[in-house]
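K.L.:
Below: one structure in structure tokens.
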Protein chains: 2
Amino acid sequence: MTRRLAEVAKKVGVSEATVSRVLNGKPGVSEATREAVLTALDVLGYERPTQLRGDRARLVGLVLPELQNPIFPAFAEVVGGALAQQGFTSLLCTRTVGGVSEADYVDLLLQQQVSGVVFAGGFYAQADAPHQHYELIQERKLPTVLVNAAVDHLGFPQVSSDDYVAAEMAIGHLRALGHRRIGMVLGPRDHIPSRRKLEAFLAAEEADPGLVEHTMFSLEGGHAAATKLVNSGVTGIVCASDILALGAIRAVRRAGLSVPDEVSVIGYDDSAMMNCTDPPLTTVRQPIDAMGRAAVDMLVALIERAAVPADELLFEPELVVRASTARARI
Amino acid sequence: MTRRLAEVAKKVGVSEATVSRVLNGKPGVSEATREAVLTALDVLGYERPTQLRGDRARLVGLVLPELQNPIFPAFAEVVGGALAQQGFTSLLCTRTVGGVSEADYVDLLLQQQVSGVVFAGGFYAQADAPHQHYELIQERKLPTVLVNAAVDHLGFPQVSSDDYVAAEMAIGHLRALGHRRIGMVLGPRDHIPSRRKLEAFLAAEEADPGLVEHTMFSLEGGHAAATKLVNSGVTGIVCASDILALGAIRAVRRAGLSVPDEVSVIGYDDSAMMNCTDPPLTTVRQPIDAMGRAAVDMLVALIERAAVPADELLFEPELVVRASTARARI
DNA sequence: CCTATTCACGCAAGAATTTGCAAGCACTTG
DNA sequence: CAAGTGCTTGCAAATTCTTGCGTGAATAGG
């Protein structure tokens, strides 16, 4: 009875062909006409054929702070793969130098009618601006999962690796090897995972708050921070990422010392290729596979309006001992 | 009634030609007339009939084959940054296991009305399916730039690093070090950059076609391929990516030999952290920074309807000598 | 006052885009 | 399996925009 397409065509005063072209985003339709058809479509409450427009919503945004640290691309692959299996397509959004801010991406994603968003890594709790767009998300009830990126008071489900335990493991390993003067290289002061690691550090025996350095997450940052620590006479350095650790190793060597004979270095993440470095890096592995899948499971549950616990899902990290740590010389 | 241009012309009391000239900033219109037309344009809310995809979202799709090889995230950062500077937002699309195909992404991007697309790496010329969606893009006249990914006959501008020269450099370096029995580890047979490297290999003196291995782009692939080559008694291995090279190094060691003392290994890309590996990897660097920016420049030019040479822009790679290559023992 | 030069502008040819027709395709129904 | 319904698509006509060229007006110079 309902010549659906024909009906719309008549209402707008164009041919079915044109409506069809608009529906499929085909070229050869003027903007004015396209607009008119789209409006009529909405007015008549046209149900778009399954595959198209209505379904465009099976998109999920994945927001990452950077791609330099290989842990983020790796995480993106895990999440992308898991989403693909559930029939979602992921859109990767990365902050770029002088480029798009997180807030811009949120706008974009909202505009693209995504079904949900996964935020991973690097939230800076202190900054004021960020809060605004989370509230926007909350307002729209857009399913959202946070990974390693706590934002309290907003009730988003969170998936994190247990930074406190991770730091404990690293410090414990060094202490077991006889190290007593242990330093720590962390990310920026307002980086939540770094804060949590700091807590664990300060809670450890013989911890010296003077041996904590905050820096940017880059090789050079690690280098600079570790140089100070080496000058303070540490024999072991715990880093908040593998990249920082590689920078630290370089710093130690630049100071004329050897890793691990004179100074031990521990990383964090266990990104790819850390077993190919010189020396192979001892590090604390984040179970990104499990975390990614958990995040996707929660997100999908949210999207399907299932109840999801709003608290934080903590994943246990794992110490991977390679060759950048050794018994302390007295 | 919708003689849009005519309507404006009538309102101002000039000919369509004049309005057209104003619209296109052509000379031959007096300042007063221009002003009048501009005003009328504003009043009537005239919209350019041309495809204004560009203004809509200023989105650009960046399609990558994977993220495991750090060169791709690095490239994504370059392109993303360059686009951001020009006021575009980039959407990163990656093929994932059992997930979204390139064709699906093209559909998605078309649907999102992107202003343009950059395809990088990993085109498989042989496969039949791929052609279809390039044609779709061509049909829609969507600005597109290909990076390291030749597709002939379609007239997309291309930016590539010169694989032939890169392979020549690598082989030349090994030969200069006295190596005579040189093997090559390449990607899949239908991977264009690998083919080009193969050509250079076969053109070299004393080249032995039996010492070429095709494999997947993964550490394990490199390992497997290099194992065969080592068994064939090569003293030097040229790899088509740094990841393959790391796999090759592992294979050499597994065979009880040392790198570089007994077997030299050369990578390709110069991804991040290749100076932290054991041994630091000798490799041929792709100038991804320059390439990324060139690709973006061309894309933006295309989006703004400027003329762009349809031929391939070849970038010269650069040999980075570190410690995975050494003089051949006799 | 007349002629030369310049410039804006319209005419109309031509290029490009939009649109409808009708054939064709996929899918359902009798 | 034919007939029908609803959507897609090749093609040609129609519409809309661009551009070369010529006209006429305005200005300047003689």
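In the structure tokens, the first chain shown is A, the next is B, and so on; residue numbers restart at 1 for each chain, and ligands run from 1 in the order shown.
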With 8 Å as the cut-off and only C-alpha atoms (C1' of nucleotides) counted, what is the closest atom pair between each nearby residue of chain A and chain D? Distances in Å to one decimal, ordered by chain and number, as a Markdown table.
P.N.:
| residue | atom | partner | partner_atom | distance |
| --- | --- | --- | --- | --- |
| A:Arg3 | CA | D:DG6 | C1' | 6.9 |
| A:Arg4 | CA | D:DG6 | C1' | 7.8 |
| A:Leu5 | CA | D:DG6 | C1' | 7.6 |
| A:Ala17 | CA | D:DT8 | C1' | 7.7 |
| A:Ser20 | CA | D:DC7 | C1' | 7.2 |
K.L.:
Please write the residues from the selection above to a file, keeping all heavy atoms, as a PDB file, in the first residue's frame.
P.N.:
ATOM      1  N   ARG A   3       3.597   3.110  -1.083  1.00  0.00           N
ATOM      2  CA  ARG A   3       4.737   3.284  -1.972  1.00  0.00           C
ATOM      3  C   ARG A   3       5.633   4.283  -1.262  1.00  0.00           C
ATOM      4  O   ARG A   3       5.668   5.449  -1.597  1.00  0.00           O
ATOM      5  CB  ARG A   3       4.295   3.858  -3.302  1.00  0.00           C
ATOM      6  CG  ARG A   3       3.347   2.944  -4.039  1.00  0.00           C
ATOM      7  CD  ARG A   3       3.189   3.423  -5.449  1.00  0.00           C
ATOM      8  NE  ARG A   3       2.683   2.332  -6.264  1.00  0.00           N
ATOM      9  CZ  ARG A   3       3.255   1.958  -7.405  1.00  0.00           C
ATOM     10  NH1 ARG A   3       4.321   2.589  -7.825  1.00  0.00           N
ATOM     11  NH2 ARG A   3       2.759   0.982  -8.105  1.00  0.00           N
ATOM     12  N   ARG A   4       6.320   3.756  -0.287  1.00  0.00           N
ATOM     13  CA  ARG A   4       7.062   4.620   0.645  1.00  0.00           C
ATOM     14  C   ARG A   4       7.870   5.676  -0.081  1.00  0.00           C
ATOM     15  O   ARG A   4       7.737   6.855   0.177  1.00  0.00           O
ATOM     16  CB  ARG A   4       7.996   3.769   1.510  1.00  0.00           C
ATOM     17  CG  ARG A   4       7.534   2.376   1.739  1.00  0.00           C
ATOM     18  CD  ARG A   4       6.679   2.261   2.994  1.00  0.00           C
ATOM     19  NE  ARG A   4       7.498   2.009   4.168  1.00  0.00           N
ATOM     20  CZ  ARG A   4       7.606   2.892   5.150  1.00  0.00           C
ATOM     21  NH1 ARG A   4       7.048   4.072   5.022  1.00  0.00           N
ATOM     22  NH2 ARG A   4       8.270   2.592   6.221  1.00  0.00           N
ATOM     23  N   LEU A   5       8.676   5.185  -0.977  1.00  0.00           N
ATOM     24  CA  LEU A   5       9.562   6.115  -1.655  1.00  0.00           C
ATOM     25  C   LEU A   5       8.765   7.098  -2.505  1.00  0.00           C
ATOM     26  O   LEU A   5       9.036   8.294  -2.535  1.00  0.00           O
ATOM     27  CB  LEU A   5      10.518   5.304  -2.540  1.00  0.00           C
ATOM     28  CG  LEU A   5      11.904   5.854  -2.718  1.00  0.00           C
ATOM     29  CD1 LEU A   5      12.839   4.754  -3.157  1.00  0.00           C
ATOM     30  CD2 LEU A   5      11.875   6.958  -3.707  1.00  0.00           C
ATOM     31  N   ALA A  17      13.443   8.599  -8.199  1.00  0.00           N
ATOM     32  CA  ALA A  17      14.878   8.438  -8.430  1.00  0.00           C
ATOM     33  C   ALA A  17      15.672   9.372  -7.528  1.00  0.00           C
ATOM     34  O   ALA A  17      16.654   8.980  -6.905  1.00  0.00           O
ATOM     35  CB  ALA A  17      15.195   8.715  -9.886  1.00  0.00           C
ATOM     36  N   SER A  20      15.656   8.328  -3.954  1.00  0.00           N
ATOM     37  CA  SER A  20      16.536   7.176  -3.816  1.00  0.00           C
ATOM     38  C   SER A  20      17.988   7.638  -3.720  1.00  0.00           C
ATOM     39  O   SER A  20      18.746   7.162  -2.869  1.00  0.00           O
ATOM     40  CB  SER A  20      16.360   6.251  -5.010  1.00  0.00           C
ATOM     41  OG  SER A  20      17.408   5.311  -5.071  1.00  0.00           O
TER      42      SER A  20
END
K.L.:
Taking only C-alpha atoms (C1' of nucleotides) into account, report as a PyMOL selection string which residues of chain C lie within 10 Å of chain B.
P.N.:
chain C and resi 7-11+17
K.L.:
Using Å and a single decimal, report how far CA of Val22 (chain A) sits from CA of Gly155 (chain B).
P.N.:
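CA of Val22 (chain A) lies 27.1 Å from CA of Gly155 (chain B).
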K.L.:
Quick one: pull the distance between CA of Ser115 (chain A) and CA of Thr144 (chain A), Å, one decimal.
P.N.:
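Computed distance, CA of Ser115 (chain A) to CA of Thr144 (chain A), equals 9.1 Å.
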K.L.:
Considering only C-alpha atoms, extract the chain A residues located within 7 Å of chain B and return them as a list in words.
P.N.:
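Using only C-alpha atoms, chain A residues at most 7 Å from chain B: Gly25, Pro27, Ser30, Glu31, Leu67, Gln68, Pro70, Pro73, Ala74, Glu77, Gly80, Gly81, Ala84, Gln85, Thr89, Leu91, Leu92, Cys93, Thr96, Val97, Gly99, Val100, Cys276, Thr277, Asp278 and Pro279 of chain A.
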K.L.:
Work out how far CA of Gly187 (chain A) is from CA of Lys228 (chain A), in Å to one decimal.
P.N.:
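Interatomic distance here is 15.2 Å.
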K.L.:
Pick out the residues sitting within 9 Å of region 229-237 of chain B, and hand them over as a short mmCIF file (atom, residue, chain, number, x, y, z; two decimals) with C-alpha atoms, in the first residue's frame; count only C-alpha atoms (C1' of nucleotides), and ignore anything fewer than 5 positions along from it in its own chain.
P.N.:
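The resulting file, around31.cif, is reproduced below:
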data_model
loop_
_atom_site.label_atom_id
_atom_site.label_comp_id
_atom_site.auth_asym_id
_atom_site.auth_seq_id
_atom_site.Cartn_x
_atom_site.Cartn_y
_atom_site.Cartn_z
CA ILE B 171 71.79 -3.79 -0.85
CA LEU B 174 75.65 -4.63 2.46
CA ARG B 175 77.71 -5.10 -0.67
CA HIS B 179 78.45 -9.22 1.68
CA ARG B 180 77.84 -11.34 -1.40
CA ARG B 181 75.14 -13.72 -0.37
CA ILE B 182 72.27 -11.39 0.42
CA GLY B 183 68.69 -12.39 1.15
CA MET B 184 65.51 -10.38 1.16
CA VAL B 185 62.40 -10.61 3.32
CA LEU B 211 67.02 -15.83 -1.64
CA VAL B 212 63.75 -13.90 -1.61
CA GLU B 213 61.08 -14.73 0.94
CA ALA B 245 63.94 -7.04 10.70
CA ALA B 248 64.93 -11.66 11.41
CA ALA B 251 65.77 -15.84 13.87
CA VAL B 252 69.49 -15.33 13.35
CA ALA B 255 70.10 -20.22 14.75
CA PRO B 260 75.88 -8.24 13.15
CA GLU B 262 77.85 -13.25 11.44
CA VAL B 263 74.72 -11.96 9.78
CA SER B 264 73.84 -8.35 9.03
CA VAL B 265 70.21 -7.22 9.06
CA ILE B 266 68.69 -4.08 7.55
CA GLY B 267 65.18 -2.86 8.24
CA THR B 325 75.17 -4.38 9.99
CA ALA B 328 81.19 -9.54 6.22
CA ARG B 329 83.49 -12.20 7.50
#
K.L.:
Run DSSP on the backbone and tell me which residues of region 17-199 of chain A come out as alpha helix (DSSP H); list them as a short mmCIF file (atom, residue, chain, number, x, y, z; two decimals) with N, CA, C and O atoms, in the first residue's frame.
P.N.:
data_model
loop_
_atom_site.label_atom_id
_atom_site.label_comp_id
_atom_site.auth_asym_id
_atom_site.auth_seq_id
_atom_site.Cartn_x
_atom_site.Cartn_y
_atom_site.Cartn_z
N ALA A 17 13.44 8.60 -8.20
CA ALA A 17 14.88 8.44 -8.43
C ALA A 17 15.67 9.37 -7.53
O ALA A 17 16.65 8.98 -6.90
N THR A 18 15.22 10.60 -7.47
CA THR A 18 15.94 11.58 -6.67
C THR A 18 15.94 11.21 -5.20
O THR A 18 16.96 11.27 -4.52
N VAL A 19 14.78 10.80 -4.71
CA VAL A 19 14.70 10.41 -3.31
C VAL A 19 15.65 9.25 -3.05
O VAL A 19 16.38 9.23 -2.06
N SER A 20 15.66 8.33 -3.95
CA SER A 20 16.54 7.18 -3.82
C SER A 20 17.99 7.64 -3.72
O SER A 20 18.75 7.16 -2.87
N ARG A 21 18.33 8.57 -4.58
CA ARG A 21 19.71 9.04 -4.57
C ARG A 21 20.07 9.71 -3.25
O ARG A 21 21.15 9.53 -2.72
N VAL A 22 19.14 10.47 -2.73
CA VAL A 22 19.40 11.13 -1.45
C VAL A 22 19.59 10.07 -0.37
O VAL A 22 20.53 10.10 0.42
N LEU A 23 18.71 9.10 -0.38
CA LEU A 23 18.73 8.05 0.63
C LEU A 23 20.07 7.33 0.64
O LEU A 23 20.54 6.90 1.68
N GLU A 31 22.12 20.43 -3.34
CA GLU A 31 22.03 20.54 -1.89
C GLU A 31 20.62 20.91 -1.46
O GLU A 31 20.10 20.37 -0.49
N ALA A 32 20.03 21.81 -2.17
CA ALA A 32 18.69 22.27 -1.81
C ALA A 32 17.71 21.10 -1.84
O ALA A 32 16.93 20.88 -0.91
N THR A 33 17.76 20.35 -2.92
CA THR A 33 16.86 19.21 -3.06
C THR A 33 17.12 18.17 -1.98
O THR A 33 16.20 17.65 -1.35
N ARG A 34 18.38 17.92 -1.76
CA ARG A 34 18.75 16.93 -0.74
C ARG A 34 18.12 17.32 0.59
O ARG A 34 17.51 16.50 1.27
N GLU A 35 18.30 18.56 0.91
CA GLU A 35 17.77 19.08 2.17
C GLU A 35 16.26 18.86 2.24
O GLU A 35 15.73 18.36 3.23
N ALA A 36 15.60 19.23 1.17
CA ALA A 36 14.15 19.13 1.13
C ALA A 36 13.71 17.70 1.34
O ALA A 36 12.79 17.40 2.12
N VAL A 37 14.38 16.79 0.65
CA VAL A 37 14.02 15.38 0.76
C VAL A 37 14.24 14.88 2.18
O VAL A 37 13.37 14.22 2.76
N LEU A 38 15.39 15.24 2.73
CA LEU A 38 15.70 14.82 4.07
C LEU A 38 14.63 15.28 5.06
O LEU A 38 14.21 14.54 5.95
N THR A 39 14.21 16.51 4.89
CA THR A 39 13.20 17.06 5.77
C THR A 39 11.90 16.26 5.63
O THR A 39 11.31 15.83 6.63
N ALA A 40 11.49 16.07 4.39
CA ALA A 40 10.25 15.34 4.14
C ALA A 40 10.34 13.94 4.75
O ALA A 40 9.38 13.42 5.33
N LEU A 41 11.51 13.36 4.63
CA LEU A 41 11.74 12.03 5.17
C LEU A 41 11.44 12.02 6.66
O LEU A 41 10.76 11.12 7.18
N ASP A 42 11.95 13.04 7.32
CA ASP A 42 11.74 13.12 8.76
C ASP A 42 10.28 13.39 9.08
O ASP A 42 9.72 12.80 10.00
N VAL A 43 9.70 14.29 8.33
CA VAL A 43 8.31 14.65 8.56
C VAL A 43 7.41 13.42 8.43
O VAL A 43 6.56 13.16 9.26
N ILE A 71 51.52 1.54 23.25
CA ILE A 71 50.43 0.90 23.99
C ILE A 71 49.07 1.38 23.46
O ILE A 71 48.09 0.63 23.47
N PHE A 72 49.04 2.60 22.97
CA PHE A 72 47.75 3.13 22.51
C PHE A 72 47.29 2.52 21.19
O PHE A 72 46.15 2.08 21.08
N PRO A 73 48.16 2.45 20.19
CA PRO A 73 47.76 1.72 18.99
C PRO A 73 47.37 0.28 19.31
O PRO A 73 46.37 -0.23 18.79
N ALA A 74 48.12 -0.34 20.20
CA ALA A 74 47.81 -1.72 20.55
C ALA A 74 46.42 -1.81 21.16
O ALA A 74 45.62 -2.68 20.80
N PHE A 75 46.15 -0.88 22.05
CA PHE A 75 44.83 -0.88 22.68
C PHE A 75 43.75 -0.62 21.64
O PHE A 75 42.68 -1.24 21.66
N ALA A 76 44.05 0.27 20.73
CA ALA A 76 43.08 0.58 19.67
C ALA A 76 42.76 -0.67 18.86
O ALA A 76 41.62 -0.91 18.49
N GLU A 77 43.79 -1.47 18.60
CA GLU A 77 43.53 -2.70 17.83
C GLU A 77 42.63 -3.66 18.60
O GLU A 77 41.73 -4.26 18.04
N VAL A 78 42.92 -3.78 19.90
CA VAL A 78 42.10 -4.69 20.71
C VAL A 78 40.65 -4.22 20.71
O VAL A 78 39.72 -4.98 20.42
N VAL A 79 40.46 -2.96 21.01
CA VAL A 79 39.10 -2.44 21.11
C VAL A 79 38.41 -2.48 19.74
O VAL A 79 37.26 -2.90 19.62
N GLY A 80 39.15 -2.07 18.72
CA GLY A 80 38.57 -2.10 17.38
C GLY A 80 38.14 -3.50 16.99
O GLY A 80 37.05 -3.69 16.45
N GLY A 81 39.01 -4.46 17.28
CA GLY A 81 38.68 -5.85 16.95
C GLY A 81 37.46 -6.33 17.71
O GLY A 81 36.54 -6.92 17.12
N ALA A 82 37.43 -6.05 19.00
CA ALA A 82 36.31 -6.51 19.82
C ALA A 82 35.01 -5.87 19.35
O ALA A 82 33.97 -6.52 19.28
N LEU A 83 35.10 -4.60 19.01
CA LEU A 83 33.90 -3.91 18.54
C LEU A 83 33.43 -4.49 17.21
O LEU A 83 32.24 -4.70 16.98
N ALA A 84 34.40 -4.75 16.35
CA ALA A 84 34.06 -5.30 15.04
C ALA A 84 33.30 -6.61 15.21
O ALA A 84 32.32 -6.87 14.50
N GLN A 85 33.75 -7.41 16.15
CA GLN A 85 33.07 -8.70 16.37
C GLN A 85 31.63 -8.51 16.78
O GLN A 85 30.79 -9.37 16.56
N GLU A 102 39.89 17.30 22.89
CA GLU A 102 38.97 16.23 23.26
C GLU A 102 37.53 16.71 23.12
O GLU A 102 36.66 15.99 22.63
N ALA A 103 37.33 17.94 23.52
CA ALA A 103 35.98 18.49 23.44
C ALA A 103 35.49 18.54 21.99
O ALA A 103 34.34 18.21 21.71
N ASP A 104 36.39 18.91 21.09
CA ASP A 104 36.02 18.95 19.68
C ASP A 104 35.60 17.56 19.21
O ASP A 104 34.63 17.40 18.48
N TYR A 105 36.38 16.58 19.63
CA TYR A 105 36.05 15.22 19.21
C TYR A 105 34.70 14.79 19.76
O TYR A 105 33.93 14.12 19.07
N VAL A 106 34.44 15.17 20.98
CA VAL A 106 33.14 14.81 21.56
C VAL A 106 32.03 15.42 20.72
O VAL A 106 31.05 14.75 20.38
N ASP A 107 32.19 16.68 20.36
CA ASP A 107 31.20 17.33 19.51
C ASP A 107 31.01 16.54 18.23
O ASP A 107 29.89 16.22 17.82
N LEU A 108 32.14 16.24 17.63
CA LEU A 108 32.12 15.51 16.36
C LEU A 108 31.38 14.18 16.51
O LEU A 108 30.51 13.84 15.72
N LEU A 109 31.73 13.47 17.55
CA LEU A 109 31.15 12.14 17.74
C LEU A 109 29.65 12.25 18.00
O LEU A 109 28.87 11.45 17.49
N LEU A 110 29.28 13.23 18.77
CA LEU A 110 27.85 13.41 19.02
C LEU A 110 27.13 13.71 17.71
O LEU A 110 26.07 13.17 17.43
N GLN A 111 27.78 14.52 16.92
CA GLN A 111 27.17 14.90 15.65
C GLN A 111 27.04 13.69 14.72
O GLN A 111 26.09 13.58 13.97
N PRO A 130 38.04 20.20 30.51
CA PRO A 130 37.53 18.87 30.21
C PRO A 130 36.15 18.56 30.75
O PRO A 130 35.36 17.92 30.09
N HIS A 131 35.86 19.05 31.96
CA HIS A 131 34.61 18.60 32.57
C HIS A 131 33.39 18.86 31.71
O HIS A 131 32.48 18.06 31.65
N GLN A 132 33.41 19.98 31.08
CA GLN A 132 32.26 20.39 30.31
C GLN A 132 31.76 19.32 29.36
O GLN A 132 30.58 18.99 29.36
N HIS A 133 32.67 18.76 28.56
CA HIS A 133 32.17 17.83 27.56
C HIS A 133 31.74 16.50 28.15
O HIS A 133 30.94 15.80 27.57
N TYR A 134 32.26 16.15 29.31
CA TYR A 134 31.76 14.92 29.93
C TYR A 134 30.32 15.12 30.35
O TYR A 134 29.49 14.23 30.25
N GLU A 135 30.08 16.32 30.83
CA GLU A 135 28.70 16.61 31.25
C GLU A 135 27.76 16.56 30.05
O GLU A 135 26.64 16.07 30.14
N LEU A 136 28.26 17.05 28.93
CA LEU A 136 27.46 17.00 27.70
C LEU A 136 27.10 15.56 27.37
O LEU A 136 25.96 15.24 27.03
N ILE A 137 28.10 14.70 27.49
CA ILE A 137 27.87 13.29 27.20
C ILE A 137 26.84 12.71 28.16
O ILE A 137 25.93 11.99 27.76
N GLN A 138 27.01 13.07 29.41
CA GLN A 138 26.11 12.54 30.42
C GLN A 138 24.67 12.98 30.14
O GLN A 138 23.73 12.21 30.25
N GLU A 139 24.56 14.24 29.78
CA GLU A 139 23.27 14.81 29.46
C GLU A 139 22.56 14.01 28.36
O GLU A 139 21.38 13.71 28.46
N ARG A 140 23.35 13.69 27.34
CA ARG A 140 22.76 12.98 26.21
C ARG A 140 22.63 11.49 26.48
O ARG A 140 22.23 10.73 25.61
N ASP A 163 46.98 0.56 39.18
CA ASP A 163 48.25 1.26 39.20
C ASP A 163 48.96 1.11 40.55
O ASP A 163 50.18 1.02 40.60
N TYR A 164 48.16 1.08 41.59
CA TYR A 164 48.76 0.98 42.92
C TYR A 164 49.53 -0.34 43.01
O TYR A 164 50.69 -0.38 43.37
N VAL A 165 48.85 -1.42 42.64
CA VAL A 165 49.49 -2.73 42.69
C VAL A 165 50.67 -2.79 41.73
O VAL A 165 51.72 -3.35 42.05
N ALA A 166 50.53 -2.16 40.59
CA ALA A 166 51.62 -2.17 39.61
C ALA A 166 52.87 -1.54 40.21
O ALA A 166 53.97 -2.09 40.09
N ALA A 167 52.68 -0.40 40.84
CA ALA A 167 53.83 0.28 41.43
C ALA A 167 54.42 -0.56 42.56
O ALA A 167 55.63 -0.70 42.69
N GLU A 168 53.54 -1.15 43.34
CA GLU A 168 54.00 -2.03 44.43
C GLU A 168 54.85 -3.16 43.87
O GLU A 168 55.90 -3.50 44.41
N MET A 169 54.38 -3.74 42.78
CA MET A 169 55.12 -4.86 42.17
C MET A 169 56.51 -4.41 41.75
O MET A 169 57.50 -5.08 42.01
N ALA A 170 56.54 -3.28 41.09
CA ALA A 170 57.82 -2.79 40.58
C ALA A 170 58.78 -2.51 41.74
O ALA A 170 59.94 -2.94 41.74
N ILE A 171 58.27 -1.81 42.71
CA ILE A 171 59.12 -1.45 43.86
C ILE A 171 59.53 -2.71 44.61
O ILE A 171 60.70 -2.87 44.99
N GLY A 172 58.56 -3.60 44.79
CA GLY A 172 58.86 -4.86 45.48
C GLY A 172 59.96 -5.63 44.77
O GLY A 172 60.88 -6.16 45.41
N HIS A 173 59.88 -5.67 43.46
CA HIS A 173 60.89 -6.39 42.68
C HIS A 173 62.27 -5.78 42.93
O HIS A 173 63.24 -6.50 43.21
N LEU A 174 62.35 -4.48 42.87
CA LEU A 174 63.64 -3.81 43.08
C LEU A 174 64.16 -4.03 44.50
O LEU A 174 65.34 -4.32 44.70
N ARG A 175 63.25 -3.96 45.45
CA ARG A 175 63.69 -4.16 46.84
C ARG A 175 64.16 -5.59 47.04
O ARG A 175 65.14 -5.84 47.74
N ALA A 176 63.47 -6.51 46.41
CA ALA A 176 63.88 -7.91 46.54
C ALA A 176 65.28 -8.12 45.95
O ALA A 176 66.02 -9.02 46.36
N ILE A 192 46.00 10.89 36.52
CA ILE A 192 45.49 10.05 37.61
C ILE A 192 46.30 8.76 37.82
O ILE A 192 46.70 8.47 38.95
N PRO A 193 46.57 7.99 36.78
CA PRO A 193 47.34 6.77 37.03
C PRO A 193 48.68 7.07 37.69
O PRO A 193 49.12 6.32 38.57
N SER A 194 49.31 8.17 37.30
CA SER A 194 50.58 8.53 37.92
C SER A 194 50.39 8.82 39.40
O SER A 194 51.20 8.44 40.24
N ARG A 195 49.30 9.48 39.71
CA ARG A 195 49.02 9.78 41.12
C ARG A 195 48.89 8.51 41.94
O ARG A 195 49.37 8.41 43.06
N ARG A 196 48.21 7.56 41.34
CA ARG A 196 48.00 6.31 42.08
C ARG A 196 49.32 5.58 42.30
O ARG A 196 49.55 4.98 43.34
N LYS A 197 50.17 5.64 41.29
CA LYS A 197 51.48 5.00 41.45
C LYS A 197 52.27 5.73 42.53
O LYS A 197 52.99 5.11 43.31
N LEU A 198 52.13 7.04 42.56
CA LEU A 198 52.84 7.83 43.56
C LEU A 198 52.42 7.41 44.97
O LEU A 198 53.27 7.23 45.85
N GLU A 199 51.14 7.22 45.15
CA GLU A 199 50.64 6.77 46.46
C GLU A 199 51.34 5.52 46.91
O GLU A 199 51.80 5.40 48.04
#
